[in-house]
Protein chains: 2
Amino acid sequence: MKKAVVLLSGGLDSSTTLAIAKAEGYDTYALTFDYGQRHRIELEAAARVAQSLGVKKHLVIGCNLRGIGGSALTDDIDVPKDISSALTGFHASGMIPVTYVPARNTIFLSFALGWAEALSSADIFIGANAVDYSGYPDCRPEYLKAFETMANLATKASVEGKFRFTIHAPLLRMSKSDIIKTGYALGLDYALTWSCYDPVQTAPAGVSSDRKPAMTGYAPCGRCDSCMFRKKGFEEAGLQDPLEYAV
Amino acid sequence: MKKAVVLLSGGLDSSTTLAIAKAEGYDTYALTFDYGQRHRIELEAAARVAQSLGVKKHLVIGCNLRGIGGSALTDDIDVPKDISSALTGFHASGMIPVTYVPARNTIFLSFALGWAEALSSADIFIGANAVDYSGYPDCRPEYLKAFETMANLATKASVEGKFRFTIHAPLLRMSKSDIIKTGYALGLDYALTWSCYDPVQTAPAGVSSDRKPAMTGYAPCGRCDSCMFRKKGFEEAGLQDPLEYAV
């Protein structure tokens with residue numbers, strides 16, 4: 001079996017990407033970062049998704065992006081709520097939101113490259129999406145191609161001619177609703193995934209309802225960028241989101 | 001003052017690079033990684049060099065490359081000794097040594113890019129050297145150029161047209177002896193730096209001689225790649241290495 005390293009945040013996109021890599025016949029190696037996210041619910045979600053999709057290994061790398069700063073996702077900056085431009089696309093307006101983390105995908109792909117080389121895997125999957133996204137520059141196809149070019153100059157494996165690395169971004173041109181339909185068709189349980197940037201505590205720790213087994217005591221806010229894209233995606237797909245939102 | 005992020009391992013090359021960035025008039029921000037190196041002496045050296053050169057900030061990022069594997073510098077693989085080909089250059093023979101860490105410079109430069117963006121700094125310095133080096137693919141000019149291209153597609157700052165990132169590698173085409181002469185001319189104290197991959201314990205912790213103030217109780221082995229390059233560099237420069245070797 002050929003091996004693939006798959007970046008897995010535990011969100012909807014990366015979880016679907018993992019399901020796709022598996023369906024394409026790869027032995028999957030899931031890579032998750034504990035980078036000082038405000039909410040560790042993401043890490044729990046990643047672990048459940050990895051287990052449910054039968055990865056060969058799930059590696060969690062700790063690295064503190066809080067030291068770097070510059071983002072609402074790692075710093076003490078408010079996550080924006082109810083911003084309607086989120087749904088029309090910041091990239092169209094040239095604005096990039098405060099939830100952008102400087103060089104995040106570059107950092108994550110670099111670790112994926114290192115692990116792929118150590119595993120003798122030529123294939124790296126990332127759930128980047130250039131359609132229903134928040135205008136992050138490191139989700140664009142030209143960026144991913146430039147990373148791939150760099151990767152093939154960076155590594156012993158490629159310089160010695162053993163193999164050429166490929167960055168796979170199967171969701172790149174899919175709408176959120178198509179992503180969700182694809183995941184459903186592959187049997188992915190979206191109840192295990194988590195998208196919200198700013199979860200709301202709804203119950204004491206240890207108490208959970210039947211509808212949100214993975215996210216003990218928390219509900220997605222329903223109002224941040226990521227929740228808004230997710231809700232819109234499920235609506236357009238004509239499917240029920242298994243998560244129960246705070247609003 | 002313009003700002004520069006400088007990758008600083010505490011070794012001879014990166015310390016000289018920091019001295020050069022300072023001499024070029026930058027406010028310097030030194031970035032060091034605690035990545036599961038076998039020897040933490042490097043981290044101590046980086047802290048002393050950063051302080052001695054008056055950096056604005058010294059950020060140490062913890063990230064565990066041991067989980068990735070694939071290198072004698074992070075795994076339990078023996079560091080090679082007394083390999084004469086080290087001095088003629090592995091790259092000429094097409095061999096890359098086991099001290100290669102998969103994607104290390106890519107990972108380090110990615111963090112530097114994130115920090116530079118958060119600091120509004122357009123300039124990143126790395127002590128990569130393509131002459132007296134050990135054949136690492138991620139020290140070659142074509143690699144560094146590809147990283148720079150990618151960096152300028154990756155980031156909010158570059159996409160919004162605020163500035164273009166430049167990867168500076170001032171040592172790229174310098175011999176080790178020229179690097180050492182340059183550092184001396186800039187007043188860098190090489191007694192603060194550390195190069196050895198495989199230090200030898202020479203004295204109980206807390207006891208140090210006058211000649212190796214930074215490296216309490218340890219001496220450089222004198223036989224690994226990195227020591228051999230350093231010794232040869234000092235010899236060719238006609239200067240005395242302030243470190244006392246075990247052999």
# chains A, B, ... in the order shown; residues from 1 in each chain; ligands from 1

$ interface_residues --of "chain A" --to "chain B" --cutoff "7 Å" --atoms "only C-alpha atoms" --output "PyMOL selection string"
chain A and resi 61-64+68-70+96+102-103+106-107+110-111+113-115+117-118+137-138+143+146-147+149-150+153-156+159

$ write_last_selection --atoms "N, CA and C atoms" --output "mmCIF file, in the first residue's frame"
data_model
loop_
_atom_site.group_PDB
_atom_site.id
_atom_site.type_symbol
_atom_site.label_atom_id
_atom_site.label_comp_id
_atom_site.auth_asym_id
_atom_site.auth_seq_id
_atom_site.Cartn_x
_atom_site.Cartn_y
_atom_site.Cartn_z
ATOM 1 N N ILE A 61 1.754 16.984 16.856
ATOM 2 C CA ILE A 61 2.984 17.732 17.100
ATOM 3 C C ILE A 61 2.651 19.000 17.868
ATOM 4 N N GLY A 62 3.339 19.179 18.974
ATOM 5 C CA GLY A 62 3.149 20.395 19.753
ATOM 6 C C GLY A 62 4.091 21.480 19.272
ATOM 7 N N CYS A 63 3.574 22.626 18.939
ATOM 8 C CA CYS A 63 4.429 23.769 18.601
ATOM 9 C C CYS A 63 3.624 25.016 18.891
ATOM 10 N N ASN A 64 4.264 25.933 19.555
ATOM 11 C CA ASN A 64 3.514 27.054 20.097
ATOM 12 C C ASN A 64 3.493 28.253 19.157
ATOM 13 N N ILE A 68 4.433 33.454 18.262
ATOM 14 C CA ILE A 68 4.543 34.216 17.017
ATOM 15 C C ILE A 68 3.523 35.348 16.984
ATOM 16 N N GLY A 69 2.318 35.055 17.433
ATOM 17 C CA GLY A 69 1.298 36.097 17.493
ATOM 18 C C GLY A 69 0.685 36.424 16.153
ATOM 19 N N GLY A 70 -0.152 37.454 16.160
ATOM 20 C CA GLY A 70 -0.714 37.962 14.913
ATOM 21 C C GLY A 70 -2.005 37.324 14.463
ATOM 22 N N ILE A 96 -8.460 40.138 4.377
ATOM 23 C CA ILE A 96 -8.135 38.853 4.988
ATOM 24 C C ILE A 96 -8.469 38.981 6.465
ATOM 25 N N PRO A 102 -0.527 33.695 10.726
ATOM 26 C CA PRO A 102 0.593 33.891 9.808
ATOM 27 C C PRO A 102 1.321 32.598 9.463
ATOM 28 N N ALA A 103 1.367 32.308 8.172
ATOM 29 C CA ALA A 103 2.144 31.173 7.637
ATOM 30 C C ALA A 103 1.701 29.805 8.162
ATOM 31 N N THR A 106 1.884 26.898 5.722
ATOM 32 C CA THR A 106 3.290 26.672 5.373
ATOM 33 C C THR A 106 3.990 25.886 6.479
ATOM 34 N N ILE A 107 3.727 26.266 7.713
ATOM 35 C CA ILE A 107 4.311 25.549 8.847
ATOM 36 C C ILE A 107 3.797 24.109 8.873
ATOM 37 N N SER A 110 5.146 22.008 6.062
ATOM 38 C CA SER A 110 6.576 21.731 6.250
ATOM 39 C C SER A 110 6.789 20.526 7.162
ATOM 40 N N PHE A 111 6.022 20.462 8.238
ATOM 41 C CA PHE A 111 6.102 19.285 9.104
ATOM 42 C C PHE A 111 5.619 18.039 8.346
ATOM 43 N N LEU A 113 5.844 17.495 5.251
ATOM 44 C CA LEU A 113 6.925 17.139 4.322
ATOM 45 C C LEU A 113 8.019 16.347 5.043
ATOM 46 N N GLY A 114 8.389 16.817 6.217
ATOM 47 C CA GLY A 114 9.412 16.106 6.992
ATOM 48 C C GLY A 114 8.977 14.698 7.358
ATOM 49 N N TRP A 115 7.726 14.570 7.792
ATOM 50 C CA TRP A 115 7.220 13.240 8.175
ATOM 51 C C TRP A 115 7.098 12.346 6.938
ATOM 52 N N GLU A 117 8.841 12.448 4.246
ATOM 53 C CA GLU A 117 10.165 11.973 3.842
ATOM 54 C C GLU A 117 10.643 10.837 4.754
ATOM 55 N N ALA A 118 10.440 11.004 6.051
ATOM 56 C CA ALA A 118 10.880 9.970 6.994
ATOM 57 C C ALA A 118 10.114 8.658 6.784
ATOM 58 N N PRO A 137 -4.584 33.469 2.127
ATOM 59 C CA PRO A 137 -3.733 33.351 0.929
ATOM 60 C C PRO A 137 -3.121 31.963 0.775
ATOM 61 N N ASP A 138 -2.910 31.271 1.902
ATOM 62 C CA ASP A 138 -2.253 29.966 1.806
ATOM 63 C C ASP A 138 -3.253 28.829 1.561
ATOM 64 N N TYR A 143 -0.328 29.114 -4.478
ATOM 65 C CA TYR A 143 0.494 28.892 -3.289
ATOM 66 C C TYR A 143 0.878 27.407 -3.158
ATOM 67 N N ALA A 146 3.510 26.379 -5.562
ATOM 68 C CA ALA A 146 4.826 26.911 -5.171
ATOM 69 C C ALA A 146 5.412 26.105 -4.014
ATOM 70 N N PHE A 147 4.549 25.674 -3.090
ATOM 71 C CA PHE A 147 5.050 24.834 -1.987
ATOM 72 C C PHE A 147 5.592 23.516 -2.538
ATOM 73 N N THR A 149 6.814 22.845 -5.500
ATOM 74 C CA THR A 149 8.093 23.096 -6.183
ATOM 75 C C THR A 149 9.226 23.199 -5.160
ATOM 76 N N MET A 150 8.989 23.978 -4.110
ATOM 77 C CA MET A 150 9.982 24.140 -3.057
ATOM 78 C C MET A 150 10.295 22.786 -2.391
ATOM 79 N N LEU A 153 12.772 20.600 -3.978
ATOM 80 C CA LEU A 153 14.163 21.055 -3.911
ATOM 81 C C LEU A 153 14.715 20.924 -2.496
ATOM 82 N N ALA A 154 13.824 20.697 -1.537
ATOM 83 C CA ALA A 154 14.201 20.775 -0.115
ATOM 84 C C ALA A 154 14.726 19.470 0.448
ATOM 85 N N THR A 155 14.384 18.363 -0.169
ATOM 86 C CA THR A 155 14.502 17.094 0.538
ATOM 87 C C THR A 155 15.498 16.135 -0.089
ATOM 88 N N LYS A 156 16.063 15.344 0.776
ATOM 89 C CA LYS A 156 16.991 14.287 0.386
ATOM 90 C C LYS A 156 16.323 13.320 -0.598
ATOM 91 N N VAL A 159 15.966 15.016 -4.014
ATOM 92 C CA VAL A 159 17.268 15.320 -4.626
ATOM 93 C C VAL A 159 17.963 14.034 -5.064
#

$ residues_around --residues "B:Thr16" --least-positions-apart "5" --cutoff "12 Å" --atoms "only C-alpha atoms" --output "ChimeraX atom specification"
/B:6-11,21-23,46,49-50,53,125-129,169-171,174,176-190,192-194

$ write_last_selection --atoms "N, CA and C atoms" --output "short mmCIF file (atom, residue, chain, number, x, y, z; two decimals), in the first residue's frame"
data_model
loop_
_atom_site.label_atom_id
_atom_site.label_comp_id
_atom_site.auth_asym_id
_atom_site.auth_seq_id
_atom_site.Cartn_x
_atom_site.Cartn_y
_atom_site.Cartn_z
N VAL B 6 16.04 36.44 12.40
CA VAL B 6 17.27 35.69 12.11
C VAL B 6 17.18 34.32 12.77
N LEU B 7 17.31 33.27 11.97
CA LEU B 7 17.34 31.91 12.53
C LEU B 7 18.67 31.71 13.24
N LEU B 8 18.59 31.32 14.50
CA LEU B 8 19.80 31.22 15.34
C LEU B 8 19.85 29.88 16.05
N SER B 9 20.79 29.04 15.67
CA SER B 9 20.92 27.73 16.33
C SER B 9 21.92 27.81 17.47
N GLY B 10 22.76 28.84 17.44
CA GLY B 10 23.85 28.92 18.40
C GLY B 10 25.16 28.40 17.81
N GLY B 11 25.09 27.93 16.57
CA GLY B 11 26.30 27.46 15.88
C GLY B 11 27.06 28.62 15.27
N ALA B 21 23.50 40.60 10.11
CA ALA B 21 22.21 41.31 10.06
C ALA B 21 22.26 42.57 10.91
N LYS B 22 22.87 42.44 12.09
CA LYS B 22 23.01 43.60 12.98
C LYS B 22 23.88 44.67 12.33
N ALA B 23 25.00 44.24 11.73
CA ALA B 23 25.91 45.19 11.08
C ALA B 23 25.26 45.89 9.89
N ALA B 46 22.77 29.55 21.88
CA ALA B 46 21.92 30.51 21.16
C ALA B 46 21.53 31.67 22.07
N VAL B 49 24.59 33.99 22.60
CA VAL B 49 24.91 34.76 21.39
C VAL B 49 23.87 35.86 21.19
N ALA B 50 22.60 35.52 21.37
CA ALA B 50 21.52 36.50 21.19
C ALA B 50 21.72 37.68 22.13
N LEU B 53 24.78 39.87 21.20
CA LEU B 53 24.61 40.69 20.00
C LEU B 53 23.43 41.66 20.11
N PHE B 125 16.76 36.12 7.78
CA PHE B 125 18.16 35.72 7.58
C PHE B 125 18.35 34.26 8.02
N ILE B 126 19.08 33.51 7.20
CA ILE B 126 19.41 32.12 7.52
C ILE B 126 20.89 31.90 7.19
N GLY B 127 21.55 31.12 8.02
CA GLY B 127 22.99 30.89 7.85
C GLY B 127 23.32 29.75 6.91
N ALA B 128 22.47 29.52 5.91
CA ALA B 128 22.72 28.42 4.96
C ALA B 128 24.00 28.68 4.19
N ASN B 129 24.70 27.60 3.92
CA ASN B 129 25.99 27.70 3.24
C ASN B 129 26.12 26.55 2.25
N ALA B 169 20.66 34.96 2.74
CA ALA B 169 21.61 33.90 3.14
C ALA B 169 23.01 34.43 2.87
N PRO B 170 23.48 35.34 3.73
CA PRO B 170 24.74 36.05 3.42
C PRO B 170 25.96 35.14 3.38
N LEU B 171 25.87 33.94 3.97
CA LEU B 171 27.03 33.04 3.98
C LEU B 171 27.04 32.09 2.79
N MET B 174 30.23 31.65 0.92
CA MET B 174 31.47 31.90 1.65
C MET B 174 32.07 30.59 2.15
N LYS B 176 34.18 28.42 5.02
CA LYS B 176 34.09 28.47 6.48
C LYS B 176 35.12 29.46 7.03
N SER B 177 36.30 29.50 6.44
CA SER B 177 37.31 30.42 6.98
C SER B 177 36.89 31.88 6.74
N ASP B 178 36.26 32.16 5.62
CA ASP B 178 35.78 33.53 5.38
C ASP B 178 34.65 33.90 6.35
N ILE B 179 33.81 32.91 6.65
CA ILE B 179 32.73 33.15 7.62
C ILE B 179 33.33 33.55 8.96
N ILE B 180 34.34 32.80 9.39
CA ILE B 180 34.97 33.05 10.68
C ILE B 180 35.67 34.42 10.70
N LYS B 181 36.37 34.72 9.60
CA LYS B 181 37.04 36.04 9.53
C LYS B 181 36.01 37.17 9.58
N THR B 182 34.88 36.98 8.91
CA THR B 182 33.82 37.99 8.91
C THR B 182 33.28 38.20 10.32
N GLY B 183 33.01 37.10 11.00
CA GLY B 183 32.49 37.20 12.37
C GLY B 183 33.48 37.89 13.29
N TYR B 184 34.75 37.53 13.17
CA TYR B 184 35.78 38.19 14.00
C TYR B 184 35.81 39.69 13.74
N ALA B 185 35.76 40.04 12.46
CA ALA B 185 35.80 41.46 12.10
C ALA B 185 34.61 42.21 12.70
N LEU B 186 33.49 41.51 12.88
CA LEU B 186 32.29 42.15 13.45
C LEU B 186 32.25 42.04 14.97
N GLY B 187 33.30 41.47 15.55
CA GLY B 187 33.39 41.40 17.00
C GLY B 187 32.63 40.25 17.64
N LEU B 188 32.21 39.25 16.84
CA LEU B 188 31.50 38.09 17.41
C LEU B 188 32.48 37.26 18.25
N ASP B 189 32.04 36.89 19.43
CA ASP B 189 32.86 36.05 20.31
C ASP B 189 32.50 34.58 20.07
N TYR B 190 33.36 33.89 19.32
CA TYR B 190 33.06 32.50 18.97
C TYR B 190 33.12 31.55 20.16
N LEU B 192 31.23 31.83 22.50
CA LEU B 192 29.82 31.67 22.88
C LEU B 192 29.08 30.69 21.99
N THR B 193 29.66 30.35 20.85
CA THR B 193 28.96 29.50 19.88
C THR B 193 29.26 28.02 20.12
N TRP B 194 28.45 27.18 19.53
CA TRP B 194 28.62 25.75 19.68
C TRP B 194 28.31 25.06 18.36
#

$ select_by_dssp --residues "stretch 26-66 of chain B" --states "alpha helix (DSSP H)" --output "short mmCIF file (atom, residue, chain, number, x, y, z; two decimals) with N, CA and C atoms, in the first residue's frame"
data_model
loop_
_atom_site.label_atom_id
_atom_site.label_comp_id
_atom_site.auth_asym_id
_atom_site.auth_seq_id
_atom_site.Cartn_x
_atom_site.Cartn_y
_atom_site.Cartn_z
N ILE B 41 22.96 21.94 24.80
CA ILE B 41 24.05 22.92 24.82
C ILE B 41 23.84 23.96 23.73
N GLU B 42 23.30 23.51 22.59
CA GLU B 42 23.01 24.42 21.47
C GLU B 42 22.07 25.55 21.91
N LEU B 43 21.07 25.20 22.71
CA LEU B 43 20.10 26.21 23.13
C LEU B 43 20.74 27.24 24.05
N GLU B 44 21.62 26.75 24.91
CA GLU B 44 22.35 27.69 25.79
C GLU B 44 23.22 28.62 24.96
N ALA B 45 23.88 28.05 23.97
CA ALA B 45 24.76 28.86 23.11
C ALA B 45 23.93 29.94 22.39
N ALA B 46 22.77 29.55 21.88
CA ALA B 46 21.92 30.51 21.16
C ALA B 46 21.53 31.67 22.07
N ALA B 47 21.18 31.35 23.32
CA ALA B 47 20.77 32.40 24.26
C ALA B 47 21.92 33.38 24.54
N ARG B 48 23.14 32.84 24.69
CA ARG B 48 24.29 33.71 24.97
C ARG B 48 24.64 34.59 23.78
N VAL B 49 24.59 33.99 22.60
CA VAL B 49 24.91 34.76 21.39
C VAL B 49 23.87 35.86 21.19
N ALA B 50 22.60 35.52 21.37
CA ALA B 50 21.52 36.50 21.19
C ALA B 50 21.72 37.68 22.13
N GLN B 51 22.03 37.36 23.38
CA GLN B 51 22.23 38.43 24.37
C GLN B 51 23.45 39.27 24.01
N SER B 52 24.52 38.59 23.64
CA SER B 52 25.77 39.31 23.37
C SER B 52 25.64 40.23 22.15
#

$ select_by_dssp --residues "stretch 100-229 of chain B" --states "strand (DSSP E)" --output "JSON, numbers by chain"
{"B": [123, 124, 125, 166, 167, 168, 200, 201, 218, 219]}

$ closest_residue --among "A:Val131, A:Val247, A:Ile124, A:Val55" --to "A:Cys224" --atoms "only C-alpha atoms"
A:Val247

$ atom_distance --atom1 "atom CA of B:Asp225" --atom2 "atom CA of B:Ala19"
23.7 Å
